[in-house]
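Next comes data-v8.cif, with mmCIF, C-alpha atoms.
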data_structure
loop_
_atom_site.label_atom_id
_atom_site.label_comp_id
_atom_site.auth_asym_id
_atom_site.auth_seq_id
_atom_site.Cartn_x
_atom_site.Cartn_y
_atom_site.Cartn_z
CA MET A 1 -22.72 -15.97 17.49
CA ASN A 2 -21.70 -19.64 17.56
CA GLY A 3 -18.38 -21.40 17.94
CA ILE A 4 -18.10 -22.24 14.22
CA ALA A 5 -18.55 -18.57 13.31
CA ILE A 6 -15.80 -17.56 15.73
CA LEU A 7 -13.43 -20.21 14.33
CA VAL A 8 -14.10 -19.02 10.78
CA GLY A 9 -13.67 -15.42 11.91
CA LEU A 10 -10.25 -16.24 13.31
CA GLY A 11 -9.13 -17.71 9.97
CA PRO A 12 -7.52 -14.37 9.01
CA LEU A 13 -5.60 -14.47 12.29
CA ILE A 14 -3.77 -17.54 10.99
CA GLY A 15 -3.62 -16.59 7.31
CA TRP A 16 -2.71 -12.92 7.51
CA GLY A 17 -0.82 -13.47 10.76
CA PHE A 18 1.66 -15.87 9.15
CA PHE A 19 1.56 -14.50 5.57
CA PRO A 20 4.16 -11.69 5.93
CA THR A 21 6.45 -13.80 8.10
CA ILE A 22 6.38 -16.80 5.74
CA ALA A 23 6.96 -14.53 2.73
CA SER A 24 9.97 -12.98 4.47
CA LYS A 25 11.23 -16.37 5.65
CA ILE A 26 11.13 -17.89 2.15
CA GLY A 27 13.06 -14.88 0.92
CA GLY A 28 13.66 -13.39 -2.48
CA LYS A 29 13.01 -9.86 -3.64
CA PRO A 30 9.62 -8.13 -3.52
CA VAL A 31 9.03 -9.22 -7.13
CA ASN A 32 9.55 -12.88 -6.19
CA GLN A 33 7.24 -12.50 -3.22
CA ILE A 34 4.44 -10.87 -5.20
CA ILE A 35 4.63 -13.52 -7.94
CA GLY A 36 4.31 -16.35 -5.44
CA ALA A 37 1.65 -14.63 -3.37
CA THR A 38 -0.55 -13.83 -6.36
CA PHE A 39 -0.10 -17.19 -8.10
CA GLY A 40 -0.89 -18.98 -4.84
CA THR A 41 -3.99 -16.86 -4.38
CA PHE A 42 -5.11 -17.58 -7.94
CA ILE A 43 -4.72 -21.37 -7.48
CA PHE A 44 -6.63 -21.24 -4.20
CA ALA A 45 -9.39 -19.05 -5.66
CA LEU A 46 -9.71 -21.22 -8.79
CA VAL A 47 -10.13 -24.41 -6.73
CA TYR A 48 -12.69 -22.69 -4.49
CA ASP A 49 -14.59 -21.34 -7.49
CA LEU A 50 -14.72 -24.78 -9.14
CA ILE A 51 -15.90 -26.47 -5.95
CA GLN A 52 -18.62 -23.87 -5.38
CA GLY A 53 -19.53 -23.63 -9.07
CA LEU A 54 -19.60 -19.84 -8.90
CA GLY A 55 -18.30 -18.94 -12.35
CA ILE A 56 -16.65 -15.68 -13.34
CA PRO A 57 -18.86 -12.56 -13.22
CA SER A 58 -19.27 -10.39 -16.30
CA GLY A 59 -19.45 -6.73 -17.20
CA ALA A 60 -18.80 -4.09 -14.57
CA ALA A 61 -18.61 -6.68 -11.78
CA LEU A 62 -15.71 -8.42 -13.53
CA GLY A 63 -13.94 -5.14 -14.27
CA TRP A 64 -14.20 -3.75 -10.76
CA SER A 65 -13.13 -7.07 -9.22
CA ILE A 66 -10.00 -7.16 -11.39
CA ILE A 67 -9.27 -3.54 -10.46
CA SER A 68 -9.63 -4.58 -6.83
CA GLY A 69 -6.96 -7.25 -7.28
CA ILE A 70 -4.69 -4.82 -9.11
CA GLY A 71 -5.00 -2.44 -6.16
CA TRP A 72 -4.05 -5.12 -3.63
CA ALA A 73 -1.06 -6.42 -5.58
CA SER A 74 0.29 -2.92 -6.21
CA ALA A 75 0.02 -2.11 -2.51
CA GLN A 76 1.53 -5.45 -1.50
CA ILE A 77 4.63 -4.85 -3.63
CA ILE A 78 5.15 -1.65 -1.64
CA THR A 79 4.56 -3.51 1.63
CA PHE A 80 7.10 -6.20 0.69
CA TYR A 81 9.57 -3.41 -0.09
CA SER A 82 8.93 -1.90 3.37
CA PHE A 83 9.93 -5.25 4.90
CA THR A 84 13.41 -4.78 3.40
CA LEU A 85 13.63 -1.38 5.11
CA ILE A 86 12.36 -2.03 8.63
CA GLY A 87 11.30 -5.71 8.83
CA SER A 88 7.81 -7.19 8.87
CA SER A 89 7.36 -6.87 12.65
CA ARG A 90 7.57 -3.08 12.39
CA ALA A 91 5.92 -2.66 8.98
CA MET A 92 2.78 -4.72 9.69
CA PRO A 93 1.39 -2.57 12.53
CA ILE A 94 1.94 0.55 10.39
CA THR A 95 0.18 -0.83 7.32
CA THR A 96 -2.62 -2.25 9.50
CA ALA A 97 -3.11 1.16 11.10
CA PHE A 98 -3.25 2.84 7.69
CA GLN A 99 -5.77 0.27 6.46
CA LEU A 100 -7.95 0.80 9.53
CA LEU A 101 -7.77 4.55 9.00
CA GLY A 102 -8.59 4.20 5.31
CA ALA A 103 -11.49 1.81 5.86
CA SER A 104 -12.97 3.96 8.61
CA LEU A 105 -12.69 7.24 6.72
CA TRP A 106 -14.13 5.65 3.58
CA GLY A 107 -17.04 4.37 5.64
CA VAL A 108 -17.68 7.82 7.14
CA PHE A 109 -17.43 9.97 4.04
CA ALA A 110 -18.65 7.56 1.34
CA LEU A 111 -20.98 5.13 3.10
CA GLY A 112 -22.47 7.30 5.85
CA ASP A 113 -21.04 5.40 8.83
CA TRP A 114 -20.89 7.09 12.25
CA PRO A 115 -24.05 9.15 11.54
CA THR A 116 -24.33 11.00 14.88
CA MET A 117 -21.90 13.52 16.35
CA ALA A 118 -21.27 11.19 19.29
CA ASP A 119 -20.36 8.38 16.87
CA LYS A 120 -17.96 10.67 15.04
CA CYS A 121 -16.28 11.82 18.27
CA ILE A 122 -15.76 8.25 19.46
CA GLY A 123 -14.68 7.08 16.00
CA PHE A 124 -12.13 9.83 15.40
CA PHE A 125 -10.77 9.38 18.93
CA ALA A 126 -10.28 5.70 18.08
CA LEU A 127 -8.39 6.66 14.91
CA VAL A 128 -6.04 8.82 16.99
CA LEU A 129 -5.43 5.83 19.28
CA ILE A 130 -4.65 3.65 16.25
CA VAL A 131 -2.00 6.12 15.10
CA ILE A 132 -0.49 6.24 18.60
CA GLY A 133 -0.51 2.43 18.80
CA ALA A 134 1.25 2.13 15.44
CA TRP A 135 3.88 4.64 16.56
CA MET A 136 4.46 2.64 19.75
CA THR A 137 5.20 -0.54 17.78
CA THR A 138 7.92 1.28 15.82
CA TRP A 139 9.55 2.98 18.81
CA SER A 140 13.28 2.34 19.05
CA GLU A 141 15.29 2.62 22.24
CA ASN A 142 18.58 3.03 20.41
CA LYS A 143 17.90 5.50 17.63
CA THR A 144 20.37 6.05 14.80
CA ALA A 145 20.24 8.30 11.75
CA ASP A 146 20.03 5.23 9.48
CA LYS A 147 17.13 3.71 11.45
CA ALA A 148 15.27 7.03 11.43
CA SER A 149 15.79 7.43 7.69
CA ARG A 150 14.59 3.89 6.95
CA MET A 151 11.53 4.31 9.17
CA LYS A 152 10.59 7.62 7.53
CA LYS A 153 10.92 6.08 4.07
CA ALA A 154 8.87 3.02 5.10
CA VAL A 155 6.04 5.14 6.54
CA ILE A 156 5.87 7.22 3.35
CA VAL A 157 5.76 4.23 1.00
CA LEU A 158 3.21 2.41 3.19
CA LEU A 159 1.01 5.50 3.18
CA ILE A 160 1.17 5.51 -0.64
CA GLY A 161 0.39 1.80 -0.64
CA GLU A 162 -2.82 2.46 1.28
CA ILE A 163 -4.30 3.75 -2.00
CA GLY A 164 -4.04 0.22 -3.40
CA TYR A 165 -5.50 -1.42 -0.29
CA TRP A 166 -8.37 1.08 -0.38
CA ALA A 167 -9.06 0.13 -4.00
CA TYR A 168 -8.98 -3.56 -3.01
CA SER A 169 -11.79 -3.00 -0.50
CA ALA A 170 -13.78 -0.32 -2.29
CA ALA A 171 -13.79 -1.51 -5.92
CA PRO A 172 -16.09 -4.55 -5.39
CA GLN A 173 -18.54 -2.28 -3.56
CA ALA A 174 -18.80 -0.14 -6.70
CA ALA A 175 -20.10 -3.17 -8.61
CA HIS A 176 -22.24 -4.45 -5.71
CA ILE A 177 -20.72 -7.92 -6.08
CA ASP A 178 -20.62 -10.60 -3.41
CA GLY A 179 -17.12 -11.06 -1.99
CA SER A 180 -16.92 -14.78 -2.78
CA ARG A 181 -17.80 -14.16 -6.45
CA ALA A 182 -15.19 -11.38 -6.63
CA PHE A 183 -12.48 -13.66 -5.22
CA LEU A 184 -11.34 -15.31 -8.48
CA PRO A 185 -11.33 -12.18 -10.68
CA GLN A 186 -9.51 -10.35 -7.88
CA SER A 187 -6.78 -12.99 -8.04
CA ILE A 188 -6.58 -12.51 -11.82
CA GLY A 189 -5.97 -8.79 -11.30
CA MET A 190 -3.28 -9.66 -8.76
CA CYS A 191 -1.52 -11.97 -11.21
CA ILE A 192 -1.62 -9.33 -13.94
CA VAL A 193 0.27 -6.90 -11.70
CA ALA A 194 2.84 -9.53 -10.70
CA ILE A 195 3.55 -10.56 -14.31
CA VAL A 196 3.76 -6.97 -15.58
CA TYR A 197 6.03 -6.00 -12.68
CA ALA A 198 8.36 -8.95 -13.33
CA LEU A 199 8.56 -8.19 -17.07
CA PHE A 200 9.16 -4.48 -16.36
CA LEU A 201 12.09 -5.29 -14.07
CA LYS A 202 13.51 -7.68 -16.67
CA LEU A 203 13.40 -4.97 -19.34
CA LYS A 204 14.96 -2.52 -16.91
CA ASN A 205 17.75 -4.94 -15.88
CA LYS A 206 18.39 -7.11 -18.93
CA ASP A 207 21.38 -8.85 -17.33
CA GLU A 208 19.27 -10.25 -14.48
CA LYS A 209 17.22 -13.42 -14.75
CA CYS A 210 13.49 -12.77 -15.03
CA ALA A 211 11.75 -13.35 -11.71
CA LEU A 212 9.16 -15.49 -13.50
CA LEU A 213 11.93 -18.01 -14.13
CA GLN A 214 13.36 -18.01 -10.60
CA ALA A 215 12.58 -20.92 -8.29
CA VAL A 216 12.10 -18.73 -5.22
CA SER A 217 9.11 -17.08 -6.91
CA TYR A 218 7.27 -20.41 -6.97
CA LYS A 219 8.33 -21.31 -3.44
CA GLN A 220 6.46 -18.16 -2.45
CA ILE A 221 3.21 -19.76 -3.64
CA VAL A 222 3.03 -21.20 -0.10
CA SER A 223 2.69 -17.66 1.27
CA GLY A 224 -0.04 -17.03 -1.31
CA PHE A 225 -2.05 -19.93 0.10
CA PHE A 226 -1.93 -18.31 3.54
CA PHE A 227 -3.13 -14.98 2.14
CA ALA A 228 -5.91 -16.64 0.15
CA PHE A 229 -7.07 -18.67 3.16
CA ALA A 230 -7.31 -15.48 5.19
CA ALA A 231 -9.14 -13.58 2.45
CA LEU A 232 -11.68 -16.37 1.94
CA THR A 233 -12.39 -16.94 5.63
CA TYR A 234 -12.83 -13.18 6.08
CA LEU A 235 -15.37 -13.08 3.23
CA ILE A 236 -17.30 -15.93 4.86
CA SER A 237 -16.97 -14.46 8.36
CA ALA A 238 -18.33 -11.09 7.23
CA GLN A 239 -21.60 -12.64 5.97
CA PRO A 240 -24.70 -11.66 8.02
CA ASN A 241 -25.42 -15.30 8.94
CA MET A 242 -21.91 -15.66 10.41
CA ASN A 243 -20.22 -12.81 12.32
CA GLY A 244 -21.36 -9.87 10.21
CA LEU A 245 -19.16 -7.19 8.66
CA ALA A 246 -18.22 -5.27 11.82
CA THR A 247 -17.29 -8.25 14.00
CA GLY A 248 -15.72 -10.08 11.07
CA PHE A 249 -13.53 -7.08 10.30
CA LEU A 250 -12.45 -6.74 13.94
CA LEU A 251 -11.58 -10.44 14.22
CA SER A 252 -9.51 -10.19 11.04
CA GLN A 253 -7.46 -7.33 12.50
CA THR A 254 -6.17 -9.57 15.28
CA SER A 255 -3.78 -10.88 12.62
CA VAL A 256 -1.52 -7.87 13.21
CA VAL A 257 -0.61 -9.29 16.62
CA LEU A 258 0.49 -12.65 15.22
CA ALA A 259 2.21 -11.04 12.22
CA THR A 260 4.23 -8.77 14.49
CA LEU A 261 5.17 -11.42 17.05
CA THR A 262 6.07 -14.10 14.48
CA GLY A 263 8.22 -11.54 12.70
CA ILE A 264 10.11 -10.98 15.93
CA TRP A 265 10.39 -14.65 16.91
CA MET A 266 10.78 -16.44 13.58
CA LEU A 267 12.76 -13.81 11.67
CA HIS A 268 14.81 -12.74 14.71
CA GLU A 269 13.91 -9.08 14.25
CA THR A 270 15.40 -8.13 17.59
CA LYS A 271 13.85 -5.74 20.07
CA THR A 272 15.02 -4.74 23.54
CA LYS A 273 12.85 -5.61 26.55
CA LYS A 274 11.55 -2.05 26.72
CA GLU A 275 10.82 -2.01 22.96
CA MET A 276 8.98 -5.33 23.30
CA VAL A 277 6.77 -4.06 26.13
CA ILE A 278 5.91 -0.88 24.25
CA THR A 279 5.24 -2.88 21.06
CA ILE A 280 2.78 -5.17 22.85
CA LEU A 281 1.03 -2.19 24.45
CA GLY A 282 0.83 -0.58 21.00
CA LEU A 283 -0.75 -3.72 19.53
CA ILE A 284 -3.31 -3.81 22.34
CA LEU A 285 -4.10 -0.16 21.65
CA ILE A 286 -4.59 -0.84 17.92
CA ILE A 287 -6.94 -3.78 18.53
CA GLY A 288 -8.85 -1.91 21.23
CA ALA A 289 -9.26 1.16 19.02
CA ALA A 290 -10.30 -1.05 16.09
CA ALA A 291 -13.04 -2.46 18.33
CA MET A 292 -14.23 1.10 19.02
CA THR A 293 -14.48 1.87 15.30
CA VAL A 294 -16.76 -1.11 14.61
CA ILE A 295 -19.13 -0.68 17.56
CA VAL A 296 -20.00 3.00 17.01
#
Once you've parsed the file, please lay out its structure as structure tokens.
Amino acid sequence: MNGIAILVGLGPLIGWGFFPTIASKIGGKPVNQIIGATFGTFIFALVYDLIQGLGIPSGAALGWSIISGIGWASAQIITFYSFTLIGSSRAMPITTAFQLLGASLWGVFALGDWPTMADKCIGFFALVLIVIGAWMTTWSENKTADKASRMKKAVIVLLIGEIGYWAYSAAPQAAHIDGSRAFLPQSIGMCIVAIVYALFLKLKNKDEKCALLQAVSYKQIVSGFFFAFAALTYLISAQPNMNGLATGFLLSQTSVVLATLTGIWMLHETKTKKEMVITILGLILIIGAAAMTVIV
């Protein structure tokens, strides 16, 4: 493993680490955030596709790639909504934990990962640690009924959103398409969801201005560039001649640390000293357990 591979592998740390914080900082409603994020991803993917001369795939590969993007955008709308309930610094460790759980379980039951009983014991122990780590990041020293209600609601919606993130990862595998070739059609699927969602809300609330015509939606394109940069560097990092899938996946998960800490520092999502210590320990536990899931 060389230095260039490590630098590429840490691309998601920057992209996904800053993506939720920047999206929250720019502001707007979840619909504004998803429009900007998906449009930014499409622009980034289109430029990359033109530079590489990849072209758009056809047939089942195109269909599954678009479905993949639809899955991500649907899940991301839910994740943006969770930010309004508990803030990005608390929501990101939860959604990361759910994604790690989903990816690991999919690998075990669908792809035959963790073939031996010893592998399964270590793997499932790691999943328990991930859940504990996520809980630690959400622990509150001064509990109130409102905080508890918001946290419960956020956990439920993020668990539902995991279905979309699972589709984002699993759909391209169904078509056996290379990640870089799936990148552009994925972004098309993302944009479809954003546009349909914006038009649906406009029809539902006819007195409100359509989000597609609001300036904040296009300011959010900046956040989309960060997501797209992370997605692309992860695809490159996961290639066998770079870091490989297991190491590339683990390096990408370090983004939860930056996403959580920038949410606290840049968005002033306050935590007490005790909450901060427990949050950091929870993040360490998540990353450590993620490492266990990729080495078994």
Evaluate the PyMOL selection byres ((chain A and resi 274-285) around 12) on the structure here and hand back the selected residues as JSON, numbers by chain.
-> {"A": [89, 90, 92, 93, 94, 96, 97, 125, 126, 127, 128, 129, 130, 131, 132, 133, 134, 135, 136, 137, 138, 139, 140, 141, 142, 143, 253, 254, 255, 256, 257, 258, 259, 260, 261, 264, 265, 269, 270, 271, 272, 273, 286, 287, 288, 289, 290, 291, 292]}
Non-local contacts of region 66-80 of chain A (8 Å; only C-alpha atoms; under 3 positions in same chain excluded) as a PyMOL selection string = chain A and resi 30-31+33-34+38+62-63+83-84+91+95+157-158+160-172+185-194
Residues around (-18.9, -11.4, -5.3), cut-off 10 Å, counting only C-alpha atoms - what are they as a list of chain:residue names?
-> A:Leu54, A:Ile56, A:Pro57, A:Ala61, A:Leu62, A:Ser65, A:Pro172, A:Gln173, A:Ala175, A:His176, A:Ile177, A:Asp178, A:Gly179, A:Ser180, A:Arg181, A:Ala182, A:Phe183, A:Leu184, A:Pro185, A:Gln186, A:Leu235
Compile the contact shell of Leu232 (chain A) as a PyMOL selection string: residues with an atom at most 9 Å away, counting all atoms listed in the file, same-chain residues fewer than 2 positions apart removed.
-> chain A and resi 11-12+45+179-180+183+227-230+234-237
Quick one: residues within 12 Å of Val8 (chain A), all atoms listed in the file counted, chain neighbours fewer than 5 positions away excluded, as a PyMOL selection string?
-> chain A and resi 1-3+13-15+229-239+242-244+247-249+251-252
Apply the PyMOL selection byres ((chain A and resi 22) around 12) to the displayed file and report the matching residues as JSON, numbers by chain.
-> {"A": [14, 15, 16, 17, 18, 19, 20, 21, 23, 24, 25, 26, 27, 28, 33, 36, 37, 80, 88, 219, 220, 221, 222, 223, 224, 225, 226, 227, 258, 259, 262, 263, 266, 267]}
Same residues, C-alpha atoms, output as a compact mmCIF listing (two decimals), in the coordinates of the input:
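After the write, again_12.txt holds the following:
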# COMPACT_ATOMS: atom_id res chain seq x y z
CA ILE A 14 -3.77 -17.54 10.99
CA GLY A 15 -3.62 -16.59 7.31
CA TRP A 16 -2.71 -12.92 7.51
CA GLY A 17 -0.82 -13.47 10.76
CA PHE A 18 1.66 -15.87 9.15
CA PHE A 19 1.56 -14.50 5.57
CA PRO A 20 4.16 -11.69 5.93
CA THR A 21 6.45 -13.80 8.10
CA ALA A 23 6.96 -14.53 2.73
CA SER A 24 9.97 -12.98 4.47
CA LYS A 25 11.23 -16.37 5.65
CA ILE A 26 11.13 -17.89 2.15
CA GLY A 27 13.06 -14.88 0.92
CA GLY A 28 13.66 -13.39 -2.48
CA GLN A 33 7.24 -12.50 -3.22
CA GLY A 36 4.31 -16.35 -5.44
CA ALA A 37 1.65 -14.63 -3.37
CA PHE A 80 7.10 -6.20 0.69
CA SER A 88 7.81 -7.19 8.87
CA LYS A 219 8.33 -21.31 -3.44
CA GLN A 220 6.46 -18.16 -2.45
CA ILE A 221 3.21 -19.76 -3.64
CA VAL A 222 3.03 -21.20 -0.10
CA SER A 223 2.69 -17.66 1.27
CA GLY A 224 -0.04 -17.03 -1.31
CA PHE A 225 -2.05 -19.93 0.10
CA PHE A 226 -1.93 -18.31 3.54
CA PHE A 227 -3.13 -14.98 2.14
CA LEU A 258 0.49 -12.65 15.22
CA ALA A 259 2.21 -11.04 12.22
CA THR A 262 6.07 -14.10 14.48
CA GLY A 263 8.22 -11.54 12.70
CA MET A 266 10.78 -16.44 13.58
CA LEU A 267 12.76 -13.81 11.67
Å distance separating CA of Ile4 (chain A) from CA of Val47 (chain A), one decimal place | 22.5 Å
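Here CA of Lys147 (chain A) and CA of His268 (chain A) stand 16.9 Å from one another.
CA of Leu100 (chain A) to CA of Gly112 (chain A) spans 16.3 Å [interatomic distance, one decimal].
When only C-alpha atoms are used to measure the gap to Lys153 (chain A), the shortest distance among A:Gln99, A:Ser217, A:Thr41, A:Ser82 belongs to A:Ser82.
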Given 5 Å of margin on each side, can you work out the centre and size in Å (one decimal) of an axis-aligned box holding every listed atom of region 209-222 of chain A, as JSON?
{"center_x": 10.1, "center_y": -17.0, "center_z": -7.6, "size_x": 24.2, "size_y": 18.5, "size_z": 24.9}
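Evaluated against the shown file, the PyMOL selection byres ((chain A and resi 211) around 8) gives Val31, Asn32, Ala198, Lys202, Lys209, Cys210, Leu212, Leu213, Gln214 and Ser217 of chain A.
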For Asp146 (chain A), which residue among A:Val294, A:Ile51, A:Leu85, A:Ala60 is the nearest when counting all atoms listed in the file?
-> A:Leu85
Would you please take region 262-281 of chain A of the structure in the block above and write N, CA and C atoms to a file as a PDB file, in the first residue's frame?
ATOM      1  N   THR A 262     -17.030  18.277  13.297  1.00  0.00           N
ATOM      2  CA  THR A 262     -17.315  19.554  12.625  1.00  0.00           C
ATOM      3  C   THR A 262     -18.734  20.016  12.914  1.00  0.00           C
ATOM      4  N   GLY A 263     -19.641  19.052  13.097  1.00  0.00           N
ATOM      5  CA  GLY A 263     -21.000  19.422  13.476  1.00  0.00           C
ATOM      6  C   GLY A 263     -21.037  20.103  14.826  1.00  0.00           C
ATOM      7  N   ILE A 264     -20.208  19.617  15.728  1.00  0.00           N
ATOM      8  CA  ILE A 264     -20.138  20.210  17.073  1.00  0.00           C
ATOM      9  C   ILE A 264     -19.469  21.577  17.023  1.00  0.00           C
ATOM     10  N   TRP A 265     -18.342  21.666  16.311  1.00  0.00           N
ATOM     11  CA  TRP A 265     -17.549  22.897  16.321  1.00  0.00           C
ATOM     12  C   TRP A 265     -18.097  23.979  15.397  1.00  0.00           C
ATOM     13  N   MET A 266     -18.504  23.602  14.191  1.00  0.00           N
ATOM     14  CA  MET A 266     -18.916  24.607  13.209  1.00  0.00           C
ATOM     15  C   MET A 266     -20.387  24.986  13.326  1.00  0.00           C
ATOM     16  N   LEU A 267     -21.205  24.041  13.793  1.00  0.00           N
ATOM     17  CA  LEU A 267     -22.644  24.318  13.909  1.00  0.00           C
ATOM     18  C   LEU A 267     -23.046  24.604  15.351  1.00  0.00           C
ATOM     19  N   HIS A 268     -22.038  24.556  16.244  1.00  0.00           N
ATOM     20  CA  HIS A 268     -22.272  24.868  17.666  1.00  0.00           C
ATOM     21  C   HIS A 268     -23.352  23.973  18.259  1.00  0.00           C
ATOM     22  N   GLU A 269     -23.289  22.680  17.909  1.00  0.00           N
ATOM     23  CA  GLU A 269     -24.206  21.707  18.507  1.00  0.00           C
ATOM     24  C   GLU A 269     -23.592  21.293  19.849  1.00  0.00           C
ATOM     25  N   THR A 270     -23.962  21.999  20.881  1.00  0.00           N
ATOM     26  CA  THR A 270     -23.280  21.935  22.165  1.00  0.00           C
ATOM     27  C   THR A 270     -23.385  20.564  22.839  1.00  0.00           C
ATOM     28  N   LYS A 271     -22.299  20.207  23.489  1.00  0.00           N
ATOM     29  CA  LYS A 271     -22.238  19.024  24.339  1.00  0.00           C
ATOM     30  C   LYS A 271     -21.489  19.389  25.613  1.00  0.00           C
ATOM     31  N   THR A 272     -21.852  18.768  26.726  1.00  0.00           N
ATOM     32  CA  THR A 272     -21.107  18.972  27.963  1.00  0.00           C
ATOM     33  C   THR A 272     -19.776  18.234  27.855  1.00  0.00           C
ATOM     34  N   LYS A 273     -18.863  18.509  28.795  1.00  0.00           N
ATOM     35  CA  LYS A 273     -17.556  17.846  28.768  1.00  0.00           C
ATOM     36  C   LYS A 273     -17.711  16.326  28.848  1.00  0.00           C
ATOM     37  N   LYS A 274     -18.625  15.872  29.704  1.00  0.00           N
ATOM     38  CA  LYS A 274     -18.827  14.432  29.847  1.00  0.00           C
ATOM     39  C   LYS A 274     -19.411  13.849  28.560  1.00  0.00           C
ATOM     40  N   GLU A 275     -20.368  14.545  27.948  1.00  0.00           N
ATOM     41  CA  GLU A 275     -20.951  14.093  26.686  1.00  0.00           C
ATOM     42  C   GLU A 275     -19.897  14.030  25.588  1.00  0.00           C
ATOM     43  N   MET A 276     -18.979  15.010  25.577  1.00  0.00           N
ATOM     44  CA  MET A 276     -17.937  15.054  24.564  1.00  0.00           C
ATOM     45  C   MET A 276     -16.982  13.869  24.704  1.00  0.00           C
ATOM     46  N   VAL A 277     -16.600  13.558  25.937  1.00  0.00           N
ATOM     47  CA  VAL A 277     -15.700  12.432  26.182  1.00  0.00           C
ATOM     48  C   VAL A 277     -16.355  11.126  25.734  1.00  0.00           C
ATOM     49  N   ILE A 278     -17.604  10.941  26.108  1.00  0.00           N
ATOM     50  CA  ILE A 278     -18.315   9.710  25.754  1.00  0.00           C
ATOM     51  C   ILE A 278     -18.534   9.629  24.236  1.00  0.00           C
ATOM     52  N   THR A 279     -18.790  10.776  23.602  1.00  0.00           N
ATOM     53  CA  THR A 279     -18.948  10.803  22.143  1.00  0.00           C
ATOM     54  C   THR A 279     -17.668  10.357  21.450  1.00  0.00           C
ATOM     55  N   ILE A 280     -16.524  10.885  21.880  1.00  0.00           N
ATOM     56  CA  ILE A 280     -15.244  10.520  21.268  1.00  0.00           C
ATOM     57  C   ILE A 280     -14.947   9.040  21.480  1.00  0.00           C
ATOM     58  N   LEU A 281     -15.227   8.529  22.680  1.00  0.00           N
ATOM     59  CA  LEU A 281     -15.025   7.103  22.941  1.00  0.00           C
ATOM     60  C   LEU A 281     -15.947   6.259  22.052  1.00  0.00           C
TER      61      LEU A 281
END
